[in-house]
Amino acid sequence: MVPAPPPAASFSPAEVQRRLAAGDCWVRCGARLYDLTGFVRHHPGGEQLLRARAGEDVSADLDGPPHRHSANARRWLEQYYVGELQGDPQGSVENGTVASVNTQKTDPLMEPKLQVVDWDKDLVDWRKPLLWQVGHLGEKYDEWVHQPVTRPIRLFHSDLIEALSKTAWYSVPIIWTPLVLYLSWSYYRIFAQGNVQLFASFTTEYSVAMPKSVFPGFFVLGLLLWSLIEYLIHRFLFHMKPPGDSYYLILLHFVLHGQHHKAPFDESRLVFPPVPASLAIAFFYMCLQLLLPEAVGGTVFAGGLLGYILYDMTHYYLHFGSPHKGSYLYSMKAHHVKHHFAHQKSGFGISTKFWDHFFHTLMPEESHLKMQ
C-alpha cells in the first residue's frame, strides 16, 4: 500500500502577512502558497519583478492564454510549495496585508486583529529607537502598547547594544541544554555517593538521607516549579501596569515585555537574549543553593532550567508554528493568540493552562465554557 502523503501545512492570512512584512517573497496560486524568497536572493535579475508580485495570486499568469512554457512554469513553481492558505482562496494578499472575501472560512481562533497604523501620526517616531520615547507616553502608554503592529522594533541607538537585545530562537537550546546535561550528571553523581542529607542545615537529629532514586523526583519538581514561576512572572511582572507618571517604570515594562505585545511577530525578540537570561538564571540558582542542600538545589534548578528551555521554544512555536487542529499545541496557540489580541489581562500560561485554572485567570469565554 502506498503511504498517504503528509498533510499540507496551513498558514493563516496573518502568518503570511508577517512573512511578507519580514521581506519574504511569498506568492499563491488559489489557496496554494509558494515561498520564492530563496530564489530571488540567488537570482537578483528577477528580484524586482518577483518582489512586485509578492503576496499576489499568480493563477492568472499560469491559467491565462496557453503558451508552450505554462506547464514548465507550473512544475517549476511546485518545488517552492510550502502549504495552504487558511480561509477563502479568492482573497488577496496585497501590500503586506491579507484580505479575505469570506472571513468565515478562516479559523477565528488563529486570526489576530492587527492595528492599522499611520506611521507618520503615531504617538512615537518609528524612525528612531523606541525605548527612550515610550516613557513620555504617560497615561497613553498602556493603550498604545496593546495595539499590536507587524513591523520590527528598534530599541537602542547603539548597534552593539541593539544586537545584544535580539536573539535567534535556536540560541536558547544551544546555550542552555549543555548546562542542563552537565548539572544533571554532576548532581546525580553526588546523589549516587549517598552522602546527601535533607534538612541537615537546620538540624542533624532529623536530617534525612537522600538515595539516588530521588533524583528524578527533584528534577521533575524543578520542571513543575518553573511552570509556576513562568505564570507568576508573566502575570505580575510582565503585565504590571506602570504608573502613567513614572518614566522609568514604563521604560522597564516596555523592555521586559511591552515590546513583545507591541510587535508580536518580531521573531528576533521572542526568546530571552543570553545576557539578561544568564543574570536571572544565576539569581534562581543562588536562591536554591541557599535554601536547599547543594545536590538537591542543583537538581531542582536543572529541572527548572529545562522547563525554561521548553517554555521559550513553546512560546516561539505558538507565534510562528502551525499546529494541527485539535492538538494540545493548537489549543495553546489559540489561547495565546487571544491573550495577545483580545484578553491581555488574562490567559497568562504559555506552556500550560494549569495555573490559569488554579488562579482563576482563564479567558472570559473559557471560564464560561467551564461553568457550562
# chains A, B, ... in the order shown; residues from 1 in each chain; ligands from 1

$ residues_around --residues "region 145-153 of chain A" --least-positions-apart "2" --cutoff "7 Å" --atoms "only C-alpha atoms" --output "list of chain:residue names"
A:Arg18, A:Ala21, A:Leu114, A:Gln115, A:Tyr141, A:Asp142, A:Glu143, A:Leu155, A:Gly258, A:His261, A:Lys262, A:Ala263, A:Pro264, A:Phe265, A:Asp266

$ write_last_selection --atoms "all heavy atoms" --output "compact mmCIF listing (two decimals), in the first residue's frame"
# COMPACT_ATOMS: atom_id res chain seq x y z
N ARG A 18 2.84 38.36 8.14
CA ARG A 18 4.08 38.54 8.89
C ARG A 18 5.31 38.24 8.04
O ARG A 18 6.31 38.96 8.09
CB ARG A 18 4.07 37.61 10.12
CG ARG A 18 5.36 37.68 10.93
CD ARG A 18 5.41 36.57 11.95
NE ARG A 18 5.46 35.24 11.36
CZ ARG A 18 6.56 34.69 10.86
NH1 ARG A 18 7.70 35.36 10.84
NH2 ARG A 18 6.52 33.48 10.34
N ALA A 21 5.88 41.06 5.64
CA ALA A 21 6.41 42.22 6.34
C ALA A 21 7.88 42.04 6.67
O ALA A 21 8.64 43.01 6.75
CB ALA A 21 5.60 42.48 7.61
N LEU A 114 -4.84 43.00 13.94
CA LEU A 114 -3.67 43.86 13.97
C LEU A 114 -4.05 45.32 13.76
O LEU A 114 -4.98 45.63 13.03
CB LEU A 114 -2.66 43.42 12.90
CG LEU A 114 -2.12 42.00 13.13
CD1 LEU A 114 -1.50 41.47 11.86
CD2 LEU A 114 -1.10 42.00 14.24
N GLN A 115 -3.30 46.19 14.43
CA GLN A 115 -3.59 47.60 14.37
C GLN A 115 -3.15 48.18 13.03
O GLN A 115 -2.05 47.93 12.55
CB GLN A 115 -2.85 48.33 15.51
CG GLN A 115 -3.09 49.81 15.58
CD GLN A 115 -4.46 50.14 16.12
OE1 GLN A 115 -5.18 49.25 16.53
NE2 GLN A 115 -4.82 51.40 16.13
N TYR A 141 0.34 55.15 27.41
CA TYR A 141 1.22 54.02 27.12
C TYR A 141 0.49 52.69 27.12
O TYR A 141 0.66 51.88 26.21
CB TYR A 141 2.37 53.97 28.13
CG TYR A 141 3.17 52.69 28.07
CD1 TYR A 141 4.10 52.48 27.05
CD2 TYR A 141 2.99 51.68 29.02
CE1 TYR A 141 4.82 51.30 26.98
CE2 TYR A 141 3.71 50.51 28.95
CZ TYR A 141 4.62 50.31 27.93
OH TYR A 141 5.33 49.14 27.85
N ASP A 142 -0.32 52.43 28.16
CA ASP A 142 -0.96 51.12 28.30
C ASP A 142 -1.84 50.79 27.10
O ASP A 142 -1.84 49.66 26.61
CB ASP A 142 -1.78 51.07 29.59
CG ASP A 142 -2.27 49.66 29.90
OD1 ASP A 142 -1.42 48.78 30.14
OD2 ASP A 142 -3.49 49.45 29.88
N GLU A 143 -2.59 51.76 26.62
CA GLU A 143 -3.44 51.51 25.44
C GLU A 143 -2.58 51.35 24.19
O GLU A 143 -2.82 50.46 23.38
CB GLU A 143 -4.41 52.67 25.26
CG GLU A 143 -5.32 52.50 24.04
CD GLU A 143 -6.26 53.67 23.84
OE1 GLU A 143 -6.20 54.63 24.64
OE2 GLU A 143 -7.05 53.63 22.87
N LEU A 155 15.19 49.25 19.61
CA LEU A 155 15.16 49.80 20.96
C LEU A 155 16.25 50.82 21.22
O LEU A 155 16.01 51.84 21.86
CB LEU A 155 15.29 48.66 21.99
CG LEU A 155 14.13 47.68 22.11
CD1 LEU A 155 14.47 46.62 23.16
CD2 LEU A 155 12.86 48.39 22.50
N GLY A 258 6.60 44.80 27.12
CA GLY A 258 5.74 45.65 26.30
C GLY A 258 6.09 45.61 24.83
O GLY A 258 5.22 45.58 23.96
N HIS A 261 4.38 42.71 23.12
CA HIS A 261 2.97 42.89 22.82
C HIS A 261 2.76 43.92 21.72
O HIS A 261 1.79 43.82 20.97
CB HIS A 261 2.21 43.30 24.09
CG HIS A 261 1.67 42.14 24.84
ND1 HIS A 261 0.38 41.69 24.71
CD2 HIS A 261 2.28 41.29 25.71
CE1 HIS A 261 0.20 40.62 25.49
NE2 HIS A 261 1.34 40.36 26.10
N LYS A 262 3.67 44.87 21.60
CA LYS A 262 3.53 45.85 20.53
C LYS A 262 3.88 45.24 19.18
O LYS A 262 3.23 45.55 18.16
CB LYS A 262 4.44 47.06 20.80
CG LYS A 262 4.22 48.22 19.84
CD LYS A 262 2.80 48.76 19.95
CE LYS A 262 2.54 49.90 18.97
NZ LYS A 262 1.13 50.37 19.04
N ALA A 263 4.89 44.39 19.14
CA ALA A 263 5.32 43.77 17.88
C ALA A 263 5.42 42.26 18.07
O ALA A 263 6.52 41.71 18.13
CB ALA A 263 6.66 44.35 17.42
N PRO A 264 4.28 41.55 18.16
CA PRO A 264 4.31 40.12 18.48
C PRO A 264 4.91 39.24 17.40
O PRO A 264 5.19 38.07 17.64
CB PRO A 264 2.83 39.77 18.70
CG PRO A 264 2.08 40.82 17.94
CD PRO A 264 2.91 42.06 18.03
N PHE A 265 5.12 39.79 16.18
CA PHE A 265 5.69 38.99 15.10
C PHE A 265 7.15 39.34 14.84
O PHE A 265 7.71 38.97 13.81
CB PHE A 265 4.87 39.17 13.82
CG PHE A 265 3.46 38.68 13.96
CD1 PHE A 265 2.39 39.53 13.75
CD2 PHE A 265 3.20 37.38 14.33
CE1 PHE A 265 1.08 39.08 13.88
CE2 PHE A 265 1.90 36.92 14.47
CZ PHE A 265 0.84 37.78 14.25
N ASP A 266 7.77 40.08 15.76
CA ASP A 266 9.20 40.36 15.66
C ASP A 266 9.94 39.16 16.25
O ASP A 266 10.13 39.05 17.46
CB ASP A 266 9.54 41.64 16.42
CG ASP A 266 10.98 42.08 16.21
OD1 ASP A 266 11.78 41.26 15.70
OD2 ASP A 266 11.33 43.22 16.56

$ closest_atom_pairs --of "region 214-279 of chain A" --to "region 303-318 of chain A" --cutoff "9 Å" --atoms "only C-alpha atoms" --output "Markdown table"
| residue | atom | partner | partner_atom | distance |
| --- | --- | --- | --- | --- |
| A:Phe218 | CA | A:Gly303 | CA | 7.7 |
| A:Phe219 | CA | A:Gly303 | CA | 4.5 |
| A:Val220 | CA | A:Gly303 | CA | 6.0 |
| A:Leu221 | CA | A:Gly303 | CA | 7.1 |
| A:Gly222 | CA | A:Gly304 | CA | 4.2 |
| A:Leu223 | CA | A:Gly304 | CA | 4.6 |
| A:Leu224 | CA | A:Gly304 | CA | 7.4 |
| A:Leu225 | CA | A:Gly304 | CA | 6.5 |
| A:Trp226 | CA | A:Gly304 | CA | 5.0 |
| A:Ser227 | CA | A:Gly307 | CA | 7.0 |
| A:Glu230 | CA | A:Tyr308 | CA | 8.0 |
| A:Glu267 | CA | A:Tyr316 | CA | 7.8 |
| A:Leu270 | CA | A:Tyr316 | CA | 6.2 |
| A:Val271 | CA | A:Asp312 | CA | 5.7 |
| A:Phe272 | CA | A:Asp312 | CA | 7.7 |

$ write_last_selection --atoms "all heavy atoms" --output "CSV table (one decimal), in the first residue's frame"
chain,number,residue,atom,x,y,z
A,218,PHE,N,13.2,15.1,42.2
A,218,PHE,CA,13.6,16.5,42.4
A,218,PHE,C,13.7,17.2,41.0
A,218,PHE,O,13.4,18.4,40.9
A,218,PHE,CB,14.9,16.6,43.1
A,218,PHE,CG,14.8,16.4,44.6
A,218,PHE,CD1,15.5,15.3,45.2
A,218,PHE,CD2,14.0,17.2,45.4
A,218,PHE,CE1,15.4,15.1,46.6
A,218,PHE,CE2,13.8,17.0,46.7
A,218,PHE,CZ,14.5,16.0,47.3
A,219,PHE,N,14.1,16.5,40.0
A,219,PHE,CA,14.2,17.1,38.7
A,219,PHE,C,12.9,17.5,38.1
A,219,PHE,O,12.7,18.6,37.6
A,219,PHE,CB,14.9,16.1,37.7
A,219,PHE,CG,15.3,16.7,36.4
A,219,PHE,CD1,16.5,17.2,36.2
A,219,PHE,CD2,14.4,16.6,35.3
A,219,PHE,CE1,16.9,17.8,35.0
A,219,PHE,CE2,14.7,17.2,34.1
A,219,PHE,CZ,16.0,17.8,33.9
A,220,VAL,N,11.9,16.6,38.3
A,220,VAL,CA,10.5,16.9,37.9
A,220,VAL,C,9.9,18.0,38.7
A,220,VAL,O,9.2,18.9,38.2
A,220,VAL,CB,9.6,15.6,37.9
A,220,VAL,CG1,8.2,16.0,37.7
A,220,VAL,CG2,10.1,14.6,36.9
A,221,LEU,N,10.3,18.0,40.0
A,221,LEU,CA,9.8,19.1,40.8
A,221,LEU,C,10.3,20.5,40.3
A,221,LEU,O,9.6,21.5,40.3
A,221,LEU,CB,10.4,18.9,42.3
A,221,LEU,CG,10.0,20.1,43.3
A,221,LEU,CD1,8.5,20.2,43.4
A,221,LEU,CD2,10.7,19.8,44.6
A,222,GLY,N,11.6,20.5,39.8
A,222,GLY,CA,12.1,21.7,39.1
A,222,GLY,C,11.3,22.1,37.9
A,222,GLY,O,11.0,23.3,37.7
A,223,LEU,N,10.9,21.1,37.1
A,223,LEU,CA,10.0,21.4,35.9
A,223,LEU,C,8.7,22.0,36.4
A,223,LEU,O,8.3,23.0,35.8
A,223,LEU,CB,9.8,20.1,35.2
A,223,LEU,CG,10.8,19.7,34.1
A,223,LEU,CD1,10.5,18.2,33.7
A,223,LEU,CD2,10.8,20.6,33.0
A,224,LEU,N,8.1,21.5,37.4
A,224,LEU,CA,6.8,22.0,37.8
A,224,LEU,C,7.0,23.4,38.5
A,224,LEU,O,6.1,24.2,38.3
A,224,LEU,CB,6.2,21.0,38.9
A,224,LEU,CG,5.8,19.6,38.3
A,224,LEU,CD1,5.3,18.7,39.5
A,224,LEU,CD2,4.8,19.7,37.2
A,225,LEU,N,8.1,23.5,39.2
A,225,LEU,CA,8.3,24.8,39.8
A,225,LEU,C,8.5,25.9,38.8
A,225,LEU,O,8.0,27.0,38.9
A,225,LEU,CB,9.6,24.7,40.7
A,225,LEU,CG,10.0,26.0,41.5
A,225,LEU,CD1,8.9,26.4,42.4
A,225,LEU,CD2,11.3,25.8,42.2
A,226,TRP,N,9.2,25.6,37.7
A,226,TRP,CA,9.3,26.5,36.6
A,226,TRP,C,8.0,27.0,36.0
A,226,TRP,O,7.8,28.1,35.7
A,226,TRP,CB,10.2,26.0,35.5
A,226,TRP,CG,10.0,26.9,34.3
A,226,TRP,CD1,9.3,26.7,33.2
A,226,TRP,CD2,10.5,28.3,34.2
A,226,TRP,NE1,9.3,27.8,32.3
A,226,TRP,CE2,10.1,28.8,32.9
A,226,TRP,CE3,11.3,29.1,35.0
A,226,TRP,CZ2,10.3,30.1,32.5
A,226,TRP,CZ3,11.6,30.4,34.6
A,226,TRP,CH2,11.1,30.9,33.3
A,227,SER,N,7.1,26.0,35.9
A,227,SER,CA,5.8,26.4,35.3
A,227,SER,C,5.0,27.4,36.1
A,227,SER,O,4.3,28.3,35.6
A,227,SER,CB,4.9,25.1,35.1
A,227,SER,OG,4.4,24.6,36.3
A,230,GLU,N,7.0,30.7,35.7
A,230,GLU,CA,6.6,31.3,34.4
A,230,GLU,C,5.3,32.0,34.5
A,230,GLU,O,5.2,33.2,34.0
A,230,GLU,CB,6.4,30.1,33.4
A,230,GLU,CG,5.7,30.4,32.1
A,230,GLU,CD,5.2,29.2,31.4
A,230,GLU,OE1,6.0,28.2,31.4
A,230,GLU,OE2,4.1,29.2,30.8
A,267,GLU,N,10.3,38.2,15.4
A,267,GLU,CA,10.9,36.9,15.9
A,267,GLU,C,12.2,37.1,16.5
A,267,GLU,O,12.6,36.2,17.3
A,267,GLU,CB,10.9,35.9,14.7
A,267,GLU,CG,11.8,36.4,13.5
A,267,GLU,CD,11.7,35.4,12.4
A,267,GLU,OE1,11.5,34.2,12.7
A,267,GLU,OE2,11.7,35.8,11.3
A,270,LEU,N,11.6,37.3,20.5
A,270,LEU,CA,10.6,36.3,21.1
A,270,LEU,C,11.2,35.5,22.3
A,270,LEU,O,10.5,35.1,23.1
A,270,LEU,CB,10.0,35.4,20.0
A,270,LEU,CG,8.6,35.7,19.6
A,270,LEU,CD1,8.2,34.8,18.5
A,270,LEU,CD2,7.6,35.7,20.7
A,271,VAL,N,12.5,35.2,22.2
A,271,VAL,CA,13.1,34.5,23.3
A,271,VAL,C,14.1,35.4,24.0
A,271,VAL,O,14.5,36.4,23.5
A,271,VAL,CB,13.8,33.2,22.8
A,271,VAL,CG1,12.8,32.3,22.1
A,271,VAL,CG2,14.9,33.6,21.8
A,272,PHE,N,14.4,35.0,25.3
A,272,PHE,CA,15.3,35.9,26.1
A,272,PHE,C,16.7,35.9,25.6
A,272,PHE,O,17.3,34.8,25.3
A,272,PHE,CB,15.2,35.4,27.5
A,272,PHE,CG,14.0,35.8,28.3
A,272,PHE,CD1,13.0,34.8,28.5
A,272,PHE,CD2,13.8,37.0,28.8
A,272,PHE,CE1,11.8,35.1,29.1
A,272,PHE,CE2,12.6,37.4,29.4
A,272,PHE,CZ,11.7,36.4,29.6

$ atom_distance --atom1 "CA of Gly217 (chain A)" --atom2 "CA of Asn195 (chain A)"
17.6 Å

$ closest_residue --among "A:Ile281, A:Cys29, A:Asp245, A:His343" --to "Trp176 (chain A)" --atoms "only C-alpha atoms"
A:Ile281

$ atom_distance --atom1 "CA of Arg32 (chain A)" --atom2 "CA of Glu84 (chain A)"
4.7 Å

$ atom_distance --atom1 "CA of Ser278 (chain A)" --atom2 "CA of Tyr187 (chain A)"
20.2 Å

$ decode --residues "region 128-153 of chain A" --atoms "N, CA, C and O atoms" --output "mmCIF file, in the first residue's frame"
data_model
loop_
_atom_site.group_PDB
_atom_site.id
_atom_site.type_symbol
_atom_site.label_atom_id
_atom_site.label_comp_id
_atom_site.auth_asym_id
_atom_site.auth_seq_id
_atom_site.Cartn_x
_atom_site.Cartn_y
_atom_site.Cartn_z
ATOM 1 N N LYS A 128 13.103 56.308 14.803
ATOM 2 C CA LYS A 128 14.099 56.409 15.866
ATOM 3 C C LYS A 128 13.898 55.263 16.849
ATOM 4 O O LYS A 128 12.825 54.666 16.902
ATOM 5 N N PRO A 129 14.926 54.943 17.651
ATOM 6 C CA PRO A 129 14.753 53.904 18.675
ATOM 7 C C PRO A 129 13.601 54.244 19.611
ATOM 8 O O PRO A 129 13.433 55.397 20.022
ATOM 9 N N LEU A 130 12.808 53.221 19.968
ATOM 10 C CA LEU A 130 11.580 53.465 20.718
ATOM 11 C C LEU A 130 11.768 53.531 22.230
ATOM 12 O O LEU A 130 10.956 54.147 22.928
ATOM 13 N N LEU A 131 12.818 52.900 22.759
ATOM 14 C CA LEU A 131 12.916 52.737 24.203
ATOM 15 C C LEU A 131 12.864 54.067 24.938
ATOM 16 O O LEU A 131 12.197 54.193 25.968
ATOM 17 N N TRP A 132 13.561 55.059 24.410
ATOM 18 C CA TRP A 132 13.627 56.340 25.116
ATOM 19 C C TRP A 132 12.414 57.218 24.832
ATOM 20 O O TRP A 132 12.270 58.288 25.427
ATOM 21 N N GLN A 133 11.526 56.763 23.939
ATOM 22 C CA GLN A 133 10.332 57.542 23.626
ATOM 23 C C GLN A 133 9.112 57.109 24.445
ATOM 24 O O GLN A 133 8.268 57.934 24.786
ATOM 25 N N VAL A 134 9.012 55.802 24.737
ATOM 26 C CA VAL A 134 7.769 55.294 25.322
ATOM 27 C C VAL A 134 7.496 55.850 26.708
ATOM 28 O O VAL A 134 6.343 55.988 27.125
ATOM 29 N N GLY A 135 8.544 56.190 27.457
ATOM 30 C CA GLY A 135 8.345 56.722 28.801
ATOM 31 C C GLY A 135 7.578 58.026 28.813
ATOM 32 O O GLY A 135 6.962 58.386 29.823
ATOM 33 N N HIS A 136 7.614 58.749 27.686
ATOM 34 C CA HIS A 136 6.923 60.033 27.601
ATOM 35 C C HIS A 136 5.444 59.869 27.232
ATOM 36 O O HIS A 136 4.720 60.869 27.189
ATOM 37 N N LEU A 137 5.003 58.642 26.964
ATOM 38 C CA LEU A 137 3.598 58.443 26.591
ATOM 39 C C LEU A 137 2.659 58.589 27.775
ATOM 40 O O LEU A 137 1.463 58.838 27.599
ATOM 41 N N GLY A 138 3.174 58.408 28.984
ATOM 42 C CA GLY A 138 2.361 58.607 30.178
ATOM 43 C C GLY A 138 1.153 57.690 30.217
ATOM 44 O O GLY A 138 1.251 56.476 30.026
ATOM 45 N N GLU A 139 -0.010 58.273 30.467
ATOM 46 C CA GLU A 139 -1.247 57.504 30.591
ATOM 47 C C GLU A 139 -1.651 56.831 29.281
ATOM 48 O O GLU A 139 -2.451 55.891 29.282
ATOM 49 N N LYS A 140 -1.112 57.291 28.176
ATOM 50 C CA LYS A 140 -1.451 56.712 26.877
ATOM 51 C C LYS A 140 -0.673 55.426 26.588
ATOM 52 O O LYS A 140 -0.984 54.713 25.641
ATOM 53 N N TYR A 141 0.341 55.152 27.410
ATOM 54 C CA TYR A 141 1.225 54.024 27.122
ATOM 55 C C TYR A 141 0.489 52.688 27.122
ATOM 56 O O TYR A 141 0.657 51.876 26.215
ATOM 57 N N ASP A 142 -0.323 52.430 28.158
ATOM 58 C CA ASP A 142 -0.958 51.120 28.298
ATOM 59 C C ASP A 142 -1.838 50.795 27.105
ATOM 60 O O ASP A 142 -1.836 49.657 26.612
ATOM 61 N N GLU A 143 -2.589 51.758 26.617
ATOM 62 C CA GLU A 143 -3.436 51.513 25.443
ATOM 63 C C GLU A 143 -2.582 51.350 24.193
ATOM 64 O O GLU A 143 -2.822 50.457 23.380
ATOM 65 N N TRP A 144 -1.559 52.179 24.049
ATOM 66 C CA TRP A 144 -0.703 52.136 22.859
ATOM 67 C C TRP A 144 0.032 50.807 22.754
ATOM 68 O O TRP A 144 0.107 50.210 21.677
ATOM 69 N N VAL A 145 0.582 50.316 23.873
ATOM 70 C CA VAL A 145 1.420 49.121 23.814
ATOM 71 C C VAL A 145 0.606 47.875 23.528
ATOM 72 O O VAL A 145 1.146 46.862 23.058
ATOM 73 N N HIS A 146 -0.723 47.918 23.764
ATOM 74 C CA HIS A 146 -1.574 46.760 23.496
ATOM 75 C C HIS A 146 -2.321 46.889 22.165
ATOM 76 O O HIS A 146 -3.344 46.229 21.966
ATOM 77 N N GLN A 147 -1.795 47.708 21.274
ATOM 78 C CA GLN A 147 -2.294 47.793 19.903
ATOM 79 C C GLN A 147 -1.204 47.241 18.985
ATOM 80 O O GLN A 147 -0.325 47.971 18.543
ATOM 81 N N PRO A 148 -1.213 45.927 18.727
ATOM 82 C CA PRO A 148 -0.095 45.276 18.034
ATOM 83 C C PRO A 148 0.061 45.697 16.587
ATOM 84 O O PRO A 148 -0.912 46.007 15.896
ATOM 85 N N VAL A 149 1.314 45.712 16.139
ATOM 86 C CA VAL A 149 1.662 46.048 14.761
ATOM 87 C C VAL A 149 2.518 44.924 14.190
ATOM 88 O O VAL A 149 2.963 44.037 14.902
ATOM 89 N N THR A 150 2.773 44.985 12.891
ATOM 90 C CA THR A 150 3.517 43.901 12.219
ATOM 91 C C THR A 150 4.847 44.381 11.680
ATOM 92 O O THR A 150 5.256 43.997 10.594
ATOM 93 N N ARG A 151 5.532 45.215 12.411
ATOM 94 C CA ARG A 151 6.849 45.649 11.980
ATOM 95 C C ARG A 151 7.834 45.443 13.133
ATOM 96 O O ARG A 151 7.436 45.447 14.301
ATOM 97 N N PRO A 152 9.100 45.254 12.830
ATOM 98 C CA PRO A 152 10.080 45.049 13.899
ATOM 99 C C PRO A 152 10.326 46.336 14.678
ATOM 100 O O PRO A 152 10.012 47.429 14.212
ATOM 101 N N ILE A 153 10.885 46.185 15.861
ATOM 102 C CA ILE A 153 11.153 47.303 16.756
ATOM 103 C C ILE A 153 12.651 47.478 16.925
ATOM 104 O O ILE A 153 13.389 46.503 17.051
#
